[in-house]
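Pasted below: coords_34.cif, mmCIF, C-alpha atoms.
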```cif
data_start
#
loop_
_atom_site.label_atom_id
_atom_site.label_comp_id
_atom_site.auth_asym_id
_atom_site.auth_seq_id
_atom_site.Cartn_x
_atom_site.Cartn_y
_atom_site.Cartn_z
CA MET A 181 -44.53 12.79 -50.92
CA LEU A 182 -45.84 12.09 -47.43
CA ARG A 183 -47.24 15.03 -45.46
CA THR A 184 -48.71 15.35 -42.01
CA PHE A 185 -51.70 17.03 -40.38
CA ASP A 186 -52.93 17.17 -36.81
CA CYS A 187 -55.87 14.94 -35.91
CA PRO A 188 -58.90 17.28 -35.34
CA LYS A 189 -60.01 15.08 -32.41
CA CYS A 190 -56.84 14.42 -30.36
CA GLY A 191 -54.20 16.62 -32.03
CA ALA A 192 -51.86 13.71 -32.85
CA PRO A 193 -49.86 13.91 -36.11
CA VAL A 194 -51.28 11.85 -38.98
CA LYS A 195 -49.34 10.97 -42.12
CA TYR A 196 -50.98 11.07 -45.55
CA GLU A 197 -50.10 11.29 -49.22
CA PRO A 198 -52.04 14.05 -51.03
CA ASN A 199 -53.88 12.96 -54.16
CA GLU A 200 -54.63 15.95 -56.35
CA MET A 201 -56.74 13.83 -58.71
CA LEU A 202 -59.11 12.80 -55.92
CA GLY A 203 -59.11 16.09 -53.98
CA ALA A 204 -61.67 16.10 -51.21
CA GLN A 205 -63.01 12.70 -52.34
CA GLN A 206 -59.90 10.78 -51.32
CA GLY A 207 -60.35 7.87 -48.94
CA THR A 208 -60.47 8.03 -45.20
CA LEU A 209 -57.47 7.72 -42.87
CA ARG A 210 -57.18 6.47 -39.31
CA CYS A 211 -55.45 8.25 -36.41
CA ASP A 212 -52.90 5.95 -34.75
CA TYR A 213 -53.62 7.45 -31.33
CA CYS A 214 -57.39 7.95 -30.93
CA HIS A 215 -58.31 5.60 -33.84
CA SER A 216 -60.75 8.12 -35.31
CA SER A 217 -61.62 7.86 -39.00
CA LEU A 218 -60.43 11.05 -40.71
CA ILE A 219 -60.64 12.90 -44.00
CA ALA A 220 -57.33 14.54 -44.95
CA PRO A 221 -57.20 18.32 -45.54
CA ASP A 222 -57.95 19.46 -49.08
CA GLU A 223 -55.97 22.66 -49.42
CA SER A 224 -57.12 23.22 -53.04
CA HIS A 225 -60.69 23.65 -51.77
CA GLY A 226 -59.81 25.24 -48.42
CA GLN A 227 -61.09 22.28 -46.43
CA PRO A 228 -59.30 21.35 -43.16
CA ALA A 229 -58.98 17.81 -41.87
CA ARG A 230 -62.26 16.40 -40.56
CA VAL A 231 -63.45 13.53 -38.38
CA VAL A 232 -65.72 11.11 -40.22
CA PRO A 233 -69.01 10.96 -38.28
CA ILE A 234 -70.24 7.55 -37.18
CA THR A 235 -73.90 6.96 -37.95
CA ILE A 236 -76.19 4.02 -37.47
CA ASP A 237 -79.06 3.60 -39.93
CA LEU A 238 -81.72 1.72 -38.01
CA ARG A 239 -83.77 1.29 -41.18
CA ASN A 240 -81.17 -1.11 -42.57
CA LEU A 241 -80.94 -3.18 -39.39
CA SER A 242 -82.90 -6.35 -38.91
CA SER A 243 -85.38 -6.53 -36.05
CA ARG A 244 -83.09 -8.99 -34.32
CA LYS A 245 -80.21 -6.52 -34.40
CA VAL A 246 -82.47 -3.72 -33.17
CA THR A 247 -83.57 -5.88 -30.26
CA LYS A 248 -79.92 -6.59 -29.45
CA TRP A 249 -79.12 -2.87 -29.35
CA ILE A 250 -82.14 -2.21 -27.12
CA TRP A 251 -80.91 -4.83 -24.66
CA VAL A 252 -77.44 -3.22 -24.67
CA ILE A 253 -78.89 0.25 -24.02
CA VAL A 254 -81.03 -1.05 -21.17
CA ALA A 255 -78.22 -3.10 -19.65
CA ILE A 256 -75.73 -0.21 -19.37
CA PRO A 257 -77.60 1.80 -16.67
CA VAL A 258 -78.51 -1.43 -14.81
CA ILE A 259 -74.83 -2.44 -14.65
CA ALA A 260 -73.89 1.09 -13.54
CA ILE A 261 -76.43 0.92 -10.68
CA LEU A 262 -75.14 -2.49 -9.56
CA MET A 263 -71.56 -1.22 -9.58
CA GLY A 264 -72.63 1.79 -7.50
CA VAL A 265 -74.33 -0.48 -4.95
CA LEU A 266 -71.25 -2.71 -4.71
CA ALA A 267 -69.00 0.33 -4.30
CA ALA A 268 -71.20 1.66 -1.50
CA MET A 269 -71.15 -1.71 0.27
CA ALA A 270 -67.38 -1.84 -0.05
CA GLY A 271 -67.15 1.62 1.46
CA VAL A 272 -69.05 0.39 4.52
CA LEU A 273 -67.33 -2.98 4.93
CA VAL A 274 -63.72 -2.07 4.27
CA PRO A 275 -63.25 -0.02 7.49
CA LEU A 276 -64.54 -3.00 9.49
CA PHE A 277 -61.78 -5.31 8.26
CA TYR A 278 -58.78 -2.99 7.92
CA SER A 279 -56.76 -1.07 10.46
CA VAL A 280 -56.49 2.70 10.75
CA SER A 281 -53.13 2.67 8.99
CA ARG A 282 -54.63 0.86 6.02
CA THR A 283 -57.45 3.39 5.87
CA ASN A 284 -54.94 6.25 5.91
CA LYS A 285 -53.06 4.69 3.03
CA GLN A 286 -56.24 4.46 0.99
CA ALA A 287 -56.90 8.14 1.67
CA THR A 288 -53.41 8.95 0.46
CA ASP A 289 -54.00 6.93 -2.72
CA SER A 290 -57.43 8.45 -3.45
CA PRO A 291 -57.94 10.38 -6.74
CA THR A 292 -58.30 13.68 -4.86
CA ARG A 293 -55.03 13.16 -2.99
CA ARG A 294 -53.23 12.07 -6.16
CA LYS A 295 -54.34 15.27 -7.91
CA GLU A 296 -53.02 17.34 -4.99
CA VAL A 297 -49.65 15.59 -5.27
CA GLU A 298 -49.53 15.96 -9.05
CA ASN A 299 -50.30 19.69 -8.89
CA ALA A 300 -48.03 20.38 -5.90
CA PHE A 301 -45.33 21.20 -8.46
CA ALA A 302 -47.26 24.20 -9.84
CA ASP A 303 -50.25 26.41 -9.04
CA THR A 304 -52.83 27.61 -11.57
CA VAL A 305 -52.86 31.41 -11.25
CA LEU A 306 -54.72 32.57 -14.36
CA LYS A 307 -57.20 31.34 -16.96
CA PHE A 308 -58.64 33.28 -19.87
CA GLY A 309 -60.46 32.65 -23.13
CA SER A 310 -63.58 30.81 -24.26
CA GLU A 311 -64.96 29.19 -27.39
CA GLY A 312 -65.87 31.58 -30.18
CA ILE A 313 -64.59 33.85 -32.95
CA GLY A 314 -64.72 37.21 -31.16
CA PRO A 315 -61.82 39.10 -29.54
CA GLY A 316 -60.37 37.08 -26.67
CA MET A 317 -62.12 33.92 -27.85
CA PHE A 318 -60.63 30.88 -29.59
CA LYS A 319 -61.77 28.17 -31.99
CA ASP A 320 -58.66 25.99 -32.30
CA ALA A 321 -55.67 27.73 -30.68
CA ARG A 322 -52.59 25.49 -30.75
CA SER A 323 -49.65 27.94 -30.58
CA ILE A 324 -48.51 30.39 -27.88
CA ALA A 325 -45.57 32.76 -27.33
CA VAL A 326 -44.53 35.42 -24.80
CA ASP A 327 -42.21 38.38 -25.47
CA GLY A 328 -39.89 40.32 -23.14
CA ALA A 329 -42.66 42.73 -22.09
CA GLY A 330 -44.89 39.85 -21.06
CA ARG A 331 -47.30 40.17 -23.99
CA ILE A 332 -48.95 36.87 -24.82
CA TYR A 333 -49.49 35.80 -28.45
CA VAL A 334 -52.00 33.05 -29.22
CA GLY A 335 -52.34 31.60 -32.71
CA GLU A 336 -55.23 29.68 -34.27
CA TYR A 337 -54.19 26.55 -36.16
CA THR A 338 -56.26 27.48 -39.23
CA GLY A 339 -57.22 30.90 -40.57
CA GLY A 340 -54.05 32.80 -39.67
CA ARG A 341 -55.45 34.78 -36.70
CA ILE A 342 -53.04 35.77 -33.92
CA GLN A 343 -54.40 37.51 -30.82
CA VAL A 344 -52.33 39.63 -28.44
CA PHE A 345 -52.97 39.84 -24.66
CA ASP A 346 -51.32 41.69 -21.80
CA PRO A 347 -49.56 39.71 -19.00
CA GLU A 348 -52.88 39.38 -17.14
CA GLY A 349 -54.76 37.94 -20.10
CA LYS A 350 -56.55 41.15 -21.17
CA PHE A 351 -57.16 41.33 -24.92
CA ILE A 352 -55.09 44.02 -26.67
CA THR A 353 -55.40 43.45 -30.41
CA GLN A 354 -55.36 40.83 -33.15
CA TRP A 355 -53.87 40.49 -36.61
CA SER A 356 -53.74 37.93 -39.39
CA ILE A 357 -50.99 36.18 -41.32
CA GLY A 358 -53.18 34.87 -44.14
CA ASP A 359 -56.61 33.55 -45.03
CA ARG A 360 -58.79 30.58 -44.02
CA LYS A 361 -56.45 28.18 -45.86
CA THR A 362 -53.44 29.24 -43.77
CA LEU A 363 -52.06 26.67 -41.34
CA LEU A 364 -49.97 27.88 -38.40
CA ARG A 365 -47.36 25.27 -37.42
CA GLY A 366 -45.14 27.14 -34.95
CA LEU A 367 -44.96 30.40 -32.98
CA ALA A 368 -42.24 32.14 -30.95
CA ALA A 369 -41.41 35.67 -29.74
CA ASP A 370 -38.15 37.31 -28.74
CA ARG A 371 -37.51 39.86 -26.00
CA LYS A 372 -37.88 42.79 -28.42
CA GLY A 373 -41.43 41.83 -29.39
CA ILE A 374 -40.60 40.27 -32.74
CA VAL A 375 -42.93 37.34 -33.43
CA TYR A 376 -41.78 34.40 -35.53
CA VAL A 377 -44.51 32.44 -37.32
CA VAL A 378 -44.03 29.09 -39.06
CA THR A 379 -46.47 28.70 -41.96
CA GLY A 380 -46.20 27.15 -45.39
CA GLY A 381 -42.79 25.75 -44.47
CA ASN A 382 -41.32 29.23 -43.93
CA ILE A 383 -40.48 31.35 -40.86
CA LEU A 384 -41.98 34.84 -41.13
CA ARG A 385 -41.08 37.80 -38.89
CA TYR A 386 -43.79 40.17 -37.59
CA GLU A 387 -43.92 43.19 -35.32
CA GLY A 388 -45.87 41.78 -32.39
CA GLU A 389 -47.79 44.92 -31.40
CA THR A 390 -49.03 45.79 -34.90
CA GLY A 391 -48.78 42.59 -36.95
CA ASN A 392 -46.67 44.35 -39.60
CA LEU A 393 -44.71 41.85 -41.70
CA LEU A 394 -40.96 42.46 -41.32
CA GLY A 395 -39.70 39.77 -43.65
CA GLN A 396 -38.81 36.11 -43.86
CA VAL A 397 -35.96 34.17 -42.27
CA ALA A 398 -33.79 33.19 -45.23
CA TYR A 399 -32.99 29.53 -45.86
CA GLU A 400 -32.18 27.38 -48.87
CA LYS A 401 -35.62 25.73 -49.00
CA SER A 402 -38.94 25.91 -47.22
CA GLY A 403 -39.76 23.00 -44.94
CA PHE A 404 -39.84 24.39 -41.40
CA ASP A 405 -42.25 22.89 -38.84
CA ASP A 406 -41.39 24.64 -35.56
CA VAL A 407 -39.26 27.43 -34.10
CA ALA A 408 -37.97 28.50 -30.66
CA VAL A 409 -36.07 31.61 -29.54
CA ALA A 410 -32.76 31.14 -27.71
CA ALA A 411 -31.54 33.29 -24.82
CA ASP A 412 -29.06 35.10 -27.11
CA GLY A 413 -31.85 36.14 -29.51
CA GLY A 414 -31.05 33.47 -32.07
CA LEU A 415 -33.46 30.84 -33.35
CA VAL A 416 -33.63 27.05 -33.24
CA ALA A 417 -35.89 25.57 -35.90
CA ALA A 418 -37.07 22.12 -36.97
CA TRP A 419 -36.88 21.47 -40.73
CA TYR A 420 -38.00 18.50 -42.79
CA ILE A 421 -37.64 17.59 -46.44
CA ASN A 422 -36.84 13.88 -46.73
CA ARG A 423 -34.76 14.20 -43.56
CA ASP A 424 -35.21 15.73 -40.09
CA ASP A 425 -32.75 18.59 -39.57
CA ILE A 426 -32.44 21.14 -36.78
CA VAL A 427 -31.18 24.55 -37.92
CA ARG A 428 -29.58 27.14 -35.61
CA PHE A 429 -29.70 30.84 -36.60
CA ASP A 430 -27.93 33.74 -34.87
CA SER A 431 -29.78 36.92 -33.83
CA SER A 432 -29.20 38.41 -37.31
CA GLY A 433 -30.83 35.46 -39.04
CA ASN A 434 -27.63 33.84 -40.29
CA VAL A 435 -27.34 30.05 -40.27
CA VAL A 436 -24.63 29.07 -37.78
CA ARG A 437 -25.25 25.33 -37.48
CA THR A 438 -27.29 22.48 -38.97
CA ILE A 439 -27.82 19.17 -37.21
CA ARG A 440 -28.54 16.84 -40.12
CA GLU A 441 -31.00 14.00 -39.52
CA ALA A 442 -31.05 15.04 -35.87
CA ILE A 443 -33.56 12.48 -34.58
CA SER A 444 -33.43 9.73 -37.18
CA SER A 445 -29.63 9.41 -36.92
CA ALA A 446 -29.87 9.06 -33.13
CA SER A 447 -32.88 6.73 -33.04
CA GLY A 448 -32.57 4.79 -36.27
CA ASP A 449 -36.24 5.58 -36.99
CA SER A 450 -37.65 8.23 -39.29
CA GLU A 451 -39.21 11.34 -37.77
CA LEU A 452 -41.78 13.44 -39.65
CA ASN A 453 -42.79 15.93 -36.96
CA THR A 454 -40.24 17.56 -34.65
CA ARG A 455 -40.96 20.14 -31.93
CA VAL A 456 -38.04 22.13 -30.47
CA ALA A 457 -37.07 24.03 -27.31
CA VAL A 458 -33.82 25.54 -26.03
CA ASP A 459 -32.64 26.15 -22.45
CA GLY A 460 -30.76 29.14 -21.02
CA LEU A 461 -27.39 27.52 -21.75
CA GLY A 462 -28.23 26.92 -25.40
CA ASN A 463 -28.86 23.17 -25.12
CA ILE A 464 -31.43 22.03 -27.67
CA TYR A 465 -34.28 19.65 -26.87
CA ALA A 466 -36.10 18.05 -29.80
CA LEU A 467 -39.36 16.18 -29.31
CA GLY A 468 -39.87 13.52 -31.95
CA THR A 469 -43.64 13.00 -31.91
CA PHE A 470 -43.44 9.85 -34.07
CA ASN A 471 -40.58 8.48 -31.93
CA SER A 472 -42.36 9.53 -28.69
CA ALA A 473 -39.03 10.60 -27.21
CA ILE A 474 -36.94 13.68 -26.41
CA PHE A 475 -33.45 14.14 -27.85
CA LYS A 476 -30.95 16.50 -26.23
CA PHE A 477 -28.11 18.26 -28.09
CA THR A 478 -25.35 20.61 -26.96
CA PRO A 479 -25.27 24.21 -28.28
CA GLU A 480 -22.72 22.95 -30.80
CA GLY A 481 -25.16 20.32 -32.07
CA LYS A 482 -23.59 17.24 -30.47
CA PHE A 483 -26.07 14.54 -29.46
CA VAL A 484 -26.13 14.07 -25.67
CA THR A 485 -28.94 11.73 -24.71
CA ARG A 486 -32.38 10.41 -25.51
CA PHE A 487 -35.09 9.89 -22.91
CA SER A 488 -38.70 8.75 -22.54
CA GLY A 489 -40.40 6.54 -25.12
CA PRO A 490 -43.83 5.30 -26.18
CA GLY A 491 -46.11 3.89 -23.48
CA ASP A 492 -48.67 4.66 -20.80
CA GLN A 493 -46.42 4.49 -17.72
CA PRO A 494 -45.19 7.64 -15.91
CA GLY A 495 -42.40 9.17 -17.97
CA GLN A 496 -43.56 7.51 -21.19
CA LEU A 497 -45.30 9.46 -23.95
CA ARG A 498 -48.49 8.98 -25.90
CA ALA A 499 -49.52 11.51 -28.60
CA ALA A 500 -46.99 14.13 -27.44
CA SER A 501 -47.49 17.59 -28.96
CA SER A 502 -44.94 20.10 -27.59
CA VAL A 503 -41.84 20.62 -25.44
CA ALA A 504 -40.62 23.52 -23.26
CA VAL A 505 -37.78 24.15 -20.79
CA ASP A 506 -38.02 26.25 -17.60
CA GLY A 507 -35.43 28.46 -15.93
CA LYS A 508 -34.12 25.50 -13.90
CA GLY A 509 -33.47 23.41 -16.99
CA ARG A 510 -36.42 21.11 -16.37
CA VAL A 511 -38.10 19.72 -19.47
CA TYR A 512 -41.90 19.77 -19.92
CA VAL A 513 -43.73 17.65 -22.49
CA CYS A 514 -47.45 17.83 -23.34
CA ASP A 515 -49.19 14.56 -24.12
CA ILE A 516 -52.59 12.95 -23.48
CA LYS A 517 -51.68 12.28 -19.82
CA GLY A 518 -51.03 15.95 -19.09
CA ILE A 519 -47.71 17.83 -18.88
CA GLN A 520 -44.93 15.45 -17.90
CA VAL A 521 -41.86 16.97 -16.24
CA PHE A 522 -38.26 15.69 -16.47
CA ASP A 523 -34.97 17.00 -15.16
CA ALA A 524 -32.25 18.13 -17.59
CA ASP A 525 -30.88 14.58 -17.82
CA GLY A 526 -34.24 13.03 -18.61
CA ARG A 527 -35.21 11.68 -15.18
CA TYR A 528 -38.99 11.72 -14.74
CA LEU A 529 -40.14 14.05 -11.94
CA THR A 530 -43.93 14.46 -12.02
CA VAL A 531 -46.97 15.20 -14.17
CA LEU A 532 -49.08 18.35 -14.17
CA LYS A 533 -52.76 17.97 -14.99
CA PRO A 534 -54.50 21.17 -16.01
CA ASP A 535 -58.29 21.06 -16.17
CA VAL A 536 -58.19 20.85 -19.97
CA SER A 537 -56.10 18.94 -22.49
CA SER A 538 -53.13 21.15 -23.31
CA PHE A 539 -51.51 21.44 -26.72
CA ALA A 540 -48.61 23.95 -26.62
CA MET A 541 -46.74 25.88 -23.92
CA VAL A 542 -44.08 28.51 -23.24
CA PHE A 543 -42.29 30.03 -20.22
CA ASN A 544 -41.88 33.73 -19.48
CA ASP A 545 -38.98 35.39 -17.63
CA GLN A 546 -40.68 34.79 -14.25
CA ASN A 547 -40.66 31.03 -14.82
CA GLU A 548 -44.43 31.02 -15.29
CA LEU A 549 -45.79 28.43 -17.68
CA PHE A 550 -48.42 29.46 -20.24
CA VAL A 551 -50.41 26.59 -21.72
CA VAL A 552 -52.80 26.86 -24.65
CA ALA A 553 -55.63 24.35 -24.77
CA ARG A 554 -57.41 25.20 -28.05
CA LYS A 555 -60.19 27.24 -26.42
CA GLN A 556 -58.41 28.55 -23.30
CA VAL A 557 -55.06 29.76 -21.98
CA ILE A 558 -53.85 28.70 -18.52
CA LYS A 559 -50.95 30.20 -16.57
CA LEU A 560 -49.15 28.01 -14.01
CA ALA A 561 -46.68 29.29 -11.41
CA VAL A 562 -44.00 26.63 -11.08
CA LYS A 563 -42.80 26.15 -7.51
CA GLU A 564 -39.09 26.15 -6.76
#
```
File written out as structure tokens:
Amino acid sequence: MLRTFDCPKCGAPVKYEPNEMLGAQQGTLRCDYCHSSLIAPDESHGQPARVVPITIDLRNLSSRKVTKWIWVIVAIPVIAILMGVLAAMAGVLVPLFYSVSRTNKQATDSPTRRKEVENAFADTVLKFGSEGIGPGMFKDARSIAVDGAGRIYVGEYTGGRIQVFDPEGKFITQWSIGDRKTLLRGLAADRKGIVYVVTGGNILRYEGETGNLLGQVAYEKSGFDDVAVAADGGLVAAWYINRDDIVRFDSSGNVVRTIREAISSASGDSELNTRVAVDGLGNIYALGTFNSAIFKFTPEGKFVTRFSGPGDQPGQLRAASSVAVDGKGRVYVCDIKGIQVFDADGRYLTVLKPDVSSFAMVFNDQNELFVVARKQVIKLAVKE
């Protein structure tokens, strides 16, 4: 049966079929997004997915090939210098041949100006975290949640560690949901401080302040990939076993609705990795990472619309990883271009570009956006 793991280099989902006979010696795979050669995770030996290193053995190269590589290495800086000279000459000559209005337009289109326009939608107000294994440090954080008191929960993808911070990013405590083989697929928190963790296909409930296990959200079979908390305290979860369902729970953990084959029935294409979010009115937004599109459903589970699609143009997605909705009903999607923003009907608005490549995100009650970027957390204040 096909399974998925996240590419260790770019975070994109990668499909593979486990081979228990081969174990860690099974063949390499290739990421469809960054084209890295990968080794699939070997859960029986506690080995996560790895990037296959690229090496060049000069001893096995002929002298002719070595000479060719030397010429390439020498040519690169020479070409860079020539390009720099040409750019400098252009910078001197262009003002002589163009009017002031043309010059102003170039200034408007400069990279610095574009970044100002892109980030005019939100201001970065807080950053915390660094690379490491100590308190307040991260190795591979890919999940984030915020409860009603403003406490921030950050989960490592492997190892089961969840760290707790106050609203200003000060470390409070940490607790674990398993061992080094544990994979954390989804994370959410409700207003009462209950933290919901998706691992091993199940949704587990924890007391956020202490890490005490409170139980498991009951369902007919394991297979959950993601979870989000609705405004009424209920849950919306993505589930997959041979079909992509979205399951709605009430605040007591009872199943109230199941959207069968939510994405595949609307798109006609299979979907192996779904991320979910819910707005204040209960509308459900499902990001199909393999479809590179967002699918909107009513609180009753009726399909409303589909927007975006694969591509490199504004509003198109490439290696999307998460979805969130703010207090205005605007939809935010993380991909390799940054955080793309759409209105509730799917119309592209802008793109936010934090200093680091973001992976997951969540809004608090003040409409502040928290973004986790594997080794750092960034808080953005969204402008009205």
Separation of atom CA of Met317 of chain A from atom CA of Gly330 of chain A in Å: 19.4 Å
Selection under test: the PyMOL selection byres ((chain A and resi 486) around 7); residues as a PDB file with C-alpha atoms, keeping the file's coordinate frame:
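Everything below was put into selection_34.pdb:
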```pdb
ATOM      1  CA  ALA A 473     -39.030  10.600 -27.210  1.00  0.00           C
ATOM      2  CA  ILE A 474     -36.940  13.680 -26.410  1.00  0.00           C
ATOM      3  CA  PHE A 475     -33.450  14.140 -27.850  1.00  0.00           C
ATOM      4  CA  LYS A 476     -30.950  16.500 -26.230  1.00  0.00           C
ATOM      5  CA  THR A 485     -28.940  11.730 -24.710  1.00  0.00           C
ATOM      6  CA  PHE A 487     -35.090   9.890 -22.910  1.00  0.00           C
TER       7      PHE A 487
END
```
Can you pull out the residues contacting Gly328 of chain A? Cut-off 9 Å, using all atoms listed in the file, and skip same-chain residues under 4 positions away; I want them as an MDAnalysis selection string. chainID A and resid 369:373 544:545
Which residue out of A:Thr184, A:Thr469, A:Gln354, A:Thr304 has the minimum interatomic distance to Lys559 of chain A when only C-alpha atoms are used?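 Once distances to Lys559 of chain A are computed over only C-alpha atoms, the minimum belongs to A:Thr304.
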Considering only C-alpha atoms, can you say which of A:Ala466, A:Ser447, A:Ala410, A:Pro228 comes closest to Arg360 of chain A?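 Between A:Ala466, A:Ser447, A:Ala410, A:Pro228, the residue approaching Arg360 of chain A most closely is A:Pro228.
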Once the PyMOL selection byres ((chain A and resi 537) around 9) has been evaluated on this model, what residues remain selected, and can you format them as a ChimeraX atom specification? /A:514-518,533-536,538-539,552-554
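Of the listed residues (A:Glu548, A:Glu336, A:Asp212, A:Asp459), A:Asp459 comes nearest to Gly509 of chain A; the distances count all atoms listed in the file.
With atom CA of Ala499 of chain A on one side and atom CA of Ala192 of chain A on the other, the separation reads 5.3 Å.
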Hey, what's within 12 Å of segment 488-490 of chain A if we count only C-alpha atoms and toss same-chain stuff fewer than 6 positions away? As a PyMOL selection string, please? chain A and resi 213+447+467-476+496-500+511-513+515-516+520-523+525-529
Which polymer residues have any atom within 6 Å of an atom of Asn463 of chain A, counting only C-alpha atoms, with same-chain residues fewer than 5 positions away left out, as a list in words? Val458, Phe477, Thr478 and Pro479 of chain A
Once the PyMOL selection byres ((chain A and resi 348) around 10) has been applied to the shown file, what residues remain in the selection, as a ChimeraX atom specification? /A:305-308,330-332,345-347,349-351,559
Find the residues with any atom within 6 Å of (-36.9, 30.9, -16.6); use only C-alpha atoms and the coordinates as given in the file, and write the answer as a PyMOL selection string. chain A and resi 506-507+545-547
Need the shell around Glu480 of chain A: protein/DNA/RNA residues with any atom at most 12 Å away, counting all atoms listed in the file. Skip same-chain ones fewer than 6 positions apart. Format as number ranges by chain? A: 416, 426-428, 436-439, 461-464
Selection export as a PDB file, in the frame of the given file, atoms kept: C-alpha atoms:
```pdb
ATOM      1  CA  VAL A 416     -33.630  27.050 -33.240  1.00  0.00           C
ATOM      2  CA  ILE A 426     -32.440  21.140 -36.780  1.00  0.00           C
ATOM      3  CA  VAL A 427     -31.180  24.550 -37.920  1.00  0.00           C
ATOM      4  CA  ARG A 428     -29.580  27.140 -35.610  1.00  0.00           C
ATOM      5  CA  VAL A 436     -24.630  29.070 -37.780  1.00  0.00           C
ATOM      6  CA  ARG A 437     -25.250  25.330 -37.480  1.00  0.00           C
ATOM      7  CA  THR A 438     -27.290  22.480 -38.970  1.00  0.00           C
ATOM      8  CA  ILE A 439     -27.820  19.170 -37.210  1.00  0.00           C
ATOM      9  CA  LEU A 461     -27.390  27.520 -21.750  1.00  0.00           C
ATOM     10  CA  GLY A 462     -28.230  26.920 -25.400  1.00  0.00           C
ATOM     11  CA  ASN A 463     -28.860  23.170 -25.120  1.00  0.00           C
ATOM     12  CA  ILE A 464     -31.430  22.030 -27.670  1.00  0.00           C
TER      13      ILE A 464
END
```
For a test of reading the model, state the distance in Å between atom CA of Arg510 of chain A and atom CA of Ala446 of chain A, rounded to one decimal.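 Computing it gives 21.7 Å between the two atoms.
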Given all atoms listed in the file as the basis, pick out the residue of A:Leu415, A:Val484, A:Ala540, A:Ala302 nearest to Val562 of chain A.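 Smallest separation from Val562 of chain A among the options: A:Ala302.
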